[in-house]
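Asks: Before we start, here is the structure in question, set down as structure tokens.
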Amino acid sequence: MKIKRILTALLALVMTVSICACASKDPLTPEDSTEHTESDTNIGNTEGSEKMDDKIPYVVKENYLPGNLADTVANKLKKRPALFKPYVAGSAPYAIQDVFGISNCRLLSISIPVYKVGEADENGDYRLTLFVLNNPYAGMKKSALRSYPLRISREQYGLKDNSAVTKMIRVDLSDYNIVLSGSETLAYFDQQDTLFPAYVGTGANEVREEVAKVFPQTLGMFSKVGSDQLAMSNNSLIFDFEMEKTYESRSAYEKLQEEKQSYDAMIRTLKEKYEGKYLSVIGDSISTFGDVSNNTSYNSTIGGNAVYYDAKMNRLPGWQYTYWGRVAAQTGMKLCVNNSWSGSRVYGKPDQNYADSALWRATELDNDNGTPADPADDIKPDVILFYMGTNDLAASPFGDLYDQLSQVSQDQWQEKIDAWFQKVLEKTNDATNLVLGETCTSFEQAYALTLYRMIKAYPDAEIYCLNIMRTEVNDHTKVIKFNRCIKAFTEYFGINLVNQYDNSGMSPANHHSYMLDVKCLHPNAAGHFCMAQTILSEMGRRHETD
């Protein structure tokens, strides 16, 4: 199964992306389509009816939260309310960082983890407001399109004024007729509301860790929606919704289910193979996380590594939400060392005496427990993820290998690279005499020598090289050149290429949904999720061919 198709299926079902005949239209109403029940699916199994079925929109009911996560949250809220915090009205309304689930649907119900309530109105009702607003987030600063003040009965739910509640309640939304198009999403809470949901605060706890494993899109809220400021918080809202979603046809929906089941089977197989093994990472800012990629308890040399992602900086709630953290969680691997450095280049920076170069860090991916005294006692990685090159695009010298490869067919690349690399090795004395700017003079040489040193240091490790994603700010011509060389090197050294340029699902057309910054360089939680799935799919493909 091709990586891109697997990823498409996963996004479609795990994250409940609706695949409609025309994505720009509002979801179909009951008058426009037929709601299919279990009995409907067993009627008319003829060729003619199958053809007709492909022309009929297929409506299904789906839950927003996967698996039994809503039950987990409800149980934790009841037994350990200290893990949660009550909603604070001052920065309302909030929008969950969710680009996948709450759109192209009709909302049937909402399950709310309630922390406390205030004063009920004269009818004995508490109020909680849902706002519909534009998605993507670039449009969230505009005023809400419409709002729905939910009325929640004190008597029906056994609530008491001005008291703690700490339980999950389900509110029927059918009478509100809340229908969202593909360009709309939800925000929550008016400052006049009197029902206060629970959220998971910044920092690590078992609820956050449970959510991290299966549901990244709840993490992070955009606050003060509708104002000039659109601030991001690492607090997490965890509602569940029952949604009515419309698919192109019954057969299209069933096909996605089959592909999702195949993907799940692949993940189970990967976990059987990798659980308990050690994962190391070498990268730039996209791979960093504070107190991990600069923590000398993993490796004594990484304490000075600069970081970009950090829970304190409100960029990601925890390292479990990075692409490498999610790969570790899905496969059951343990983190060995993350030797990533924000702003670093494969070639390195002259103003830092090339200390950030991947060449030096390539052999510092084993866990020395903070003490380099006994290398034999180090924990060696079983799998290495290598993602660098973005920072080289703007400044690192680019040599002549691309031009050499462009002059021959791809089946001649090996021979061409071999002749080129032997000269590089001779100049560097088998990669032991490395002087940036002298014995190593280009990005291509630095990348090849990095892989060479990495393979020699960790001959038993599986190495996965991620090529460079396309972004709005990078010179696309350079990206093509760099990626061709990365592909050629993975083939030459016999290691694995993760083609996220083509298969991650991210591109300049949709970066607003997957990136944190205006330059569209640093993925948000959803972007890291897509990166992780692309890596896992490549690991699954490799396993199938072994």
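Just remember, in the structure tokens the first chain shown is A, the second B, etc., residues are 1-based per chain, and ligands are 1-based in the order shown.
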Within stretch 359-465 of chain A, find each residue whose DSSP state, derived from the backbone, is alpha helix (DSSP H), and express the selection as a PyMOL selection string.
Replies: chain A and resi 359-361+392-395+401-406+413-428+443-457
Asks: Please provide the set of residues having any atom within 9 Å of A:Arg268, restricted to only C-alpha atoms, with same-chain residues fewer than 4 positions apart removed, written as a list of chain:residue names.
Replies: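 In the requested format, the answer is A:Tyr263, A:Asp264, A:Glu272, A:Lys273, A:Gln330, A:Thr331.
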Asks: Compile the contact shell of A:Ala461 as JSON, numbers by chain: residues with an atom at most 9 Å away, counting only C-alpha atoms, same-chain residues fewer than 5 positions apart removed.
Replies: {"A": [380, 381, 382, 383, 384, 455]}
Asks: Would you list the contacts of stretch 302-307 of chain A as number ranges by chain, taking every protein, DNA or RNA residue within 8 Å and counting only C-alpha atoms, but skipping same-chain residues closer than 5 positions in sequence?
Replies: A: 285, 288-290, 293-296, 339-343
Asks: For the selection you just gave me, I'd like the residues written to a file as a CSV table (one decimal), in the first residue's frame, keeping C-alpha atoms.
Replies:
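Result written to again.csv:
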```
chain,number,residue,atom,x,y,z
A,285,SER,CA,14.8,23.4,15.3
A,288,THR,CA,14.1,20.2,19.2
A,289,PHE,CA,12.3,20.2,22.6
A,290,GLY,CA,13.5,22.0,25.7
A,293,SER,CA,17.4,17.9,23.1
A,294,ASN,CA,19.7,20.0,25.4
A,295,ASN,CA,19.6,17.6,28.4
A,296,THR,CA,23.1,16.2,29.3
A,339,ASN,CA,20.8,15.7,19.4
A,340,SER,CA,19.0,18.5,17.7
A,341,TRP,CA,20.0,22.2,17.5
A,342,SER,CA,17.8,25.1,16.6
A,343,GLY,CA,19.1,27.0,13.6
```
Asks: Write out as JSON lines the residues of stretch 71-173 of chain A that have any atom within 9 Å of an atom of stretch 235-239 of chain A, one row each with the nearest atom pair and its distance in Å to one decimal, counting only C-alpha atoms, sorted by chain and then rising number.
Replies:
```
{"residue": "A:Val73", "atom": "CA", "partner": "A:Ile238", "partner_atom": "CA", "distance": 7.9}
{"residue": "A:Ala95", "atom": "CA", "partner": "A:Leu237", "partner_atom": "CA", "distance": 8.9}
{"residue": "A:Ile96", "atom": "CA", "partner": "A:Leu237", "partner_atom": "CA", "distance": 6.7}
{"residue": "A:Gln97", "atom": "CA", "partner": "A:Ser236", "partner_atom": "CA", "distance": 8.9}
{"residue": "A:Ile110", "atom": "CA", "partner": "A:Phe239", "partner_atom": "CA", "distance": 6.9}
{"residue": "A:Ser111", "atom": "CA", "partner": "A:Phe239", "partner_atom": "CA", "distance": 5.7}
{"residue": "A:Ile112", "atom": "CA", "partner": "A:Phe239", "partner_atom": "CA", "distance": 5.4}
{"residue": "A:Pro113", "atom": "CA", "partner": "A:Phe239", "partner_atom": "CA", "distance": 6.8}
```
Asks: Write out as JSON, numbers by chain each polymer residue whose atoms come within 12 Å of A:Asp71, counting only C-alpha atoms; drop sequence neighbours fewer than 2 positions from it.
Replies: {"A": [65, 66, 67, 68, 69, 73, 74, 75, 76, 77, 78, 111, 112, 113, 167, 168, 169, 170, 207, 210, 238, 239, 240]}
Asks: Let me see the file: selected residues, C-alpha atoms, as an mmCIF file, in the first residue's frame.
Replies:
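Wrote selection.cif, looks like this:
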```cif
data_model
loop_
_atom_site.group_PDB
_atom_site.id
_atom_site.type_symbol
_atom_site.label_atom_id
_atom_site.label_comp_id
_atom_site.auth_asym_id
_atom_site.auth_seq_id
_atom_site.Cartn_x
_atom_site.Cartn_y
_atom_site.Cartn_z
ATOM 1 C CA LEU A 65 -12.678 11.617 20.353
ATOM 2 C CA PRO A 66 -11.167 8.273 19.354
ATOM 3 C CA GLY A 67 -11.692 5.001 21.191
ATOM 4 C CA ASN A 68 -12.572 5.255 24.863
ATOM 5 C CA LEU A 69 -10.744 8.542 25.428
ATOM 6 C CA VAL A 73 -11.288 11.726 30.704
ATOM 7 C CA ALA A 74 -14.588 11.267 32.580
ATOM 8 C CA ASN A 75 -13.035 8.715 34.927
ATOM 9 C CA LYS A 76 -9.993 10.891 35.643
ATOM 10 C CA LEU A 77 -12.172 13.950 36.212
ATOM 11 C CA LYS A 78 -14.320 12.079 38.715
ATOM 12 C CA SER A 111 -20.036 15.763 26.040
ATOM 13 C CA ILE A 112 -18.613 18.315 28.455
ATOM 14 C CA PRO A 113 -16.194 17.617 31.308
ATOM 15 C CA LYS A 167 -18.183 14.927 35.900
ATOM 16 C CA MET A 168 -18.883 14.471 32.193
ATOM 17 C CA ILE A 169 -22.351 15.413 30.968
ATOM 18 C CA ARG A 170 -23.830 14.869 27.508
ATOM 19 C CA VAL A 207 -4.446 12.915 31.160
ATOM 20 C CA GLU A 210 -3.048 9.812 27.344
ATOM 21 C CA ILE A 238 -11.230 17.888 25.817
ATOM 22 C CA PHE A 239 -14.845 17.765 24.675
ATOM 23 C CA ASP A 240 -16.424 14.920 22.780
#
```
Asks: Quick check, in Å to one decimal: how far apart do atom CA of A:Asn162 and atom CA of A:Arg127 lie?
Replies: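 If I compute the distance from atom CA of A:Asn162 to atom CA of A:Arg127, I get 13.4 Å.
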Asks: Using only C-alpha atoms, which residue out of A:Ala92, A:Leu536, A:Leu108, A:Leu159 lies closest to A:Ala120?
Replies: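 Nearest to A:Ala120: A:Leu159.
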Asks: Could you work out how far atom CA of A:Ser344 lies from atom CA of A:Ala358, giving the answer in Å with one decimal?
Replies: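 According to the coordinates, atom CA of A:Ala358 and atom CA of A:Ser344 are separated by 7.9 Å.
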Asks: Can you work out the spacing between atom CA of A:Leu436 and atom CA of A:Arg484 in Å, to one decimal?
Replies: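 Result for atom CA of A:Leu436 versus atom CA of A:Arg484: 22.5 Å, one decimal.
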Asks: Nearest residue to A:Ser174 out of A:Phe241, A:Tyr452, A:Phe398, A:Tyr321, using only C-alpha atoms?
Replies: A:Phe241
Asks: Pick out the residues sitting within 12 Å of A:Asp517, and hand them over as a PDB file with C-alpha atoms, in the first residue's frame; count only C-alpha atoms, and ignore anything fewer than 3 positions along from it in its own chain.
Replies:
```pdb
ATOM      1  CA  TYR A 137      -6.795  30.153  11.889  1.00  0.00           C
ATOM      2  CA  ALA A 138      -5.711  33.075   9.739  1.00  0.00           C
ATOM      3  CA  MET A 232      -1.808  30.321  21.697  1.00  0.00           C
ATOM      4  CA  ILE A 286      11.921  21.298  14.024  1.00  0.00           C
ATOM      5  CA  TYR A 308      12.823  26.124  19.527  1.00  0.00           C
ATOM      6  CA  ARG A 315       4.673  26.121  21.005  1.00  0.00           C
ATOM      7  CA  THR A 471       7.293  25.814   2.328  1.00  0.00           C
ATOM      8  CA  GLU A 472       6.149  29.264   1.283  1.00  0.00           C
ATOM      9  CA  VAL A 473       9.491  30.923   2.052  1.00  0.00           C
ATOM     10  CA  HIS A 511       0.426  25.400   5.649  1.00  0.00           C
ATOM     11  CA  HIS A 512      -1.871  27.674   7.645  1.00  0.00           C
ATOM     12  CA  SER A 513      -3.377  24.524   9.148  1.00  0.00           C
ATOM     13  CA  TYR A 514      -0.138  22.779  10.018  1.00  0.00           C
ATOM     14  CA  CYS A 520       5.520  28.335   7.711  1.00  0.00           C
ATOM     15  CA  LEU A 521       8.734  26.659   8.843  1.00  0.00           C
ATOM     16  CA  HIS A 522       7.769  25.098  12.164  1.00  0.00           C
ATOM     17  CA  PRO A 523       4.928  22.560  12.335  1.00  0.00           C
ATOM     18  CA  ASN A 524       2.256  22.772  15.005  1.00  0.00           C
ATOM     19  CA  GLY A 527       1.914  19.137  11.419  1.00  0.00           C
TER      20      GLY A 527
END
```
Asks: Could you list, as a VMD selection string, every residue within 9 Å of A:Asp368, counting only C-alpha atoms and ignoring same-chain residues fewer than 6 positions away?
Replies: chain A and resid 296 to 300 374 to 375 377 to 380
Asks: For a quick check of understanding, using only C-alpha atoms, which of A:Asn510, A:Thr428, A:Thr490, A:Ser409 has the smallest distance to A:Arg470?
Replies: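 Selected residue with least distance to A:Arg470: A:Asn510.
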Asks: A:Ser91, A:Phe84, A:Gly276, A:Ser251: which is nearest A:Pro57, counting only C-alpha atoms?
Replies: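 Of A:Ser91, A:Phe84, A:Gly276, A:Ser251, the one nearest A:Pro57 is A:Ser251, counting only C-alpha atoms.
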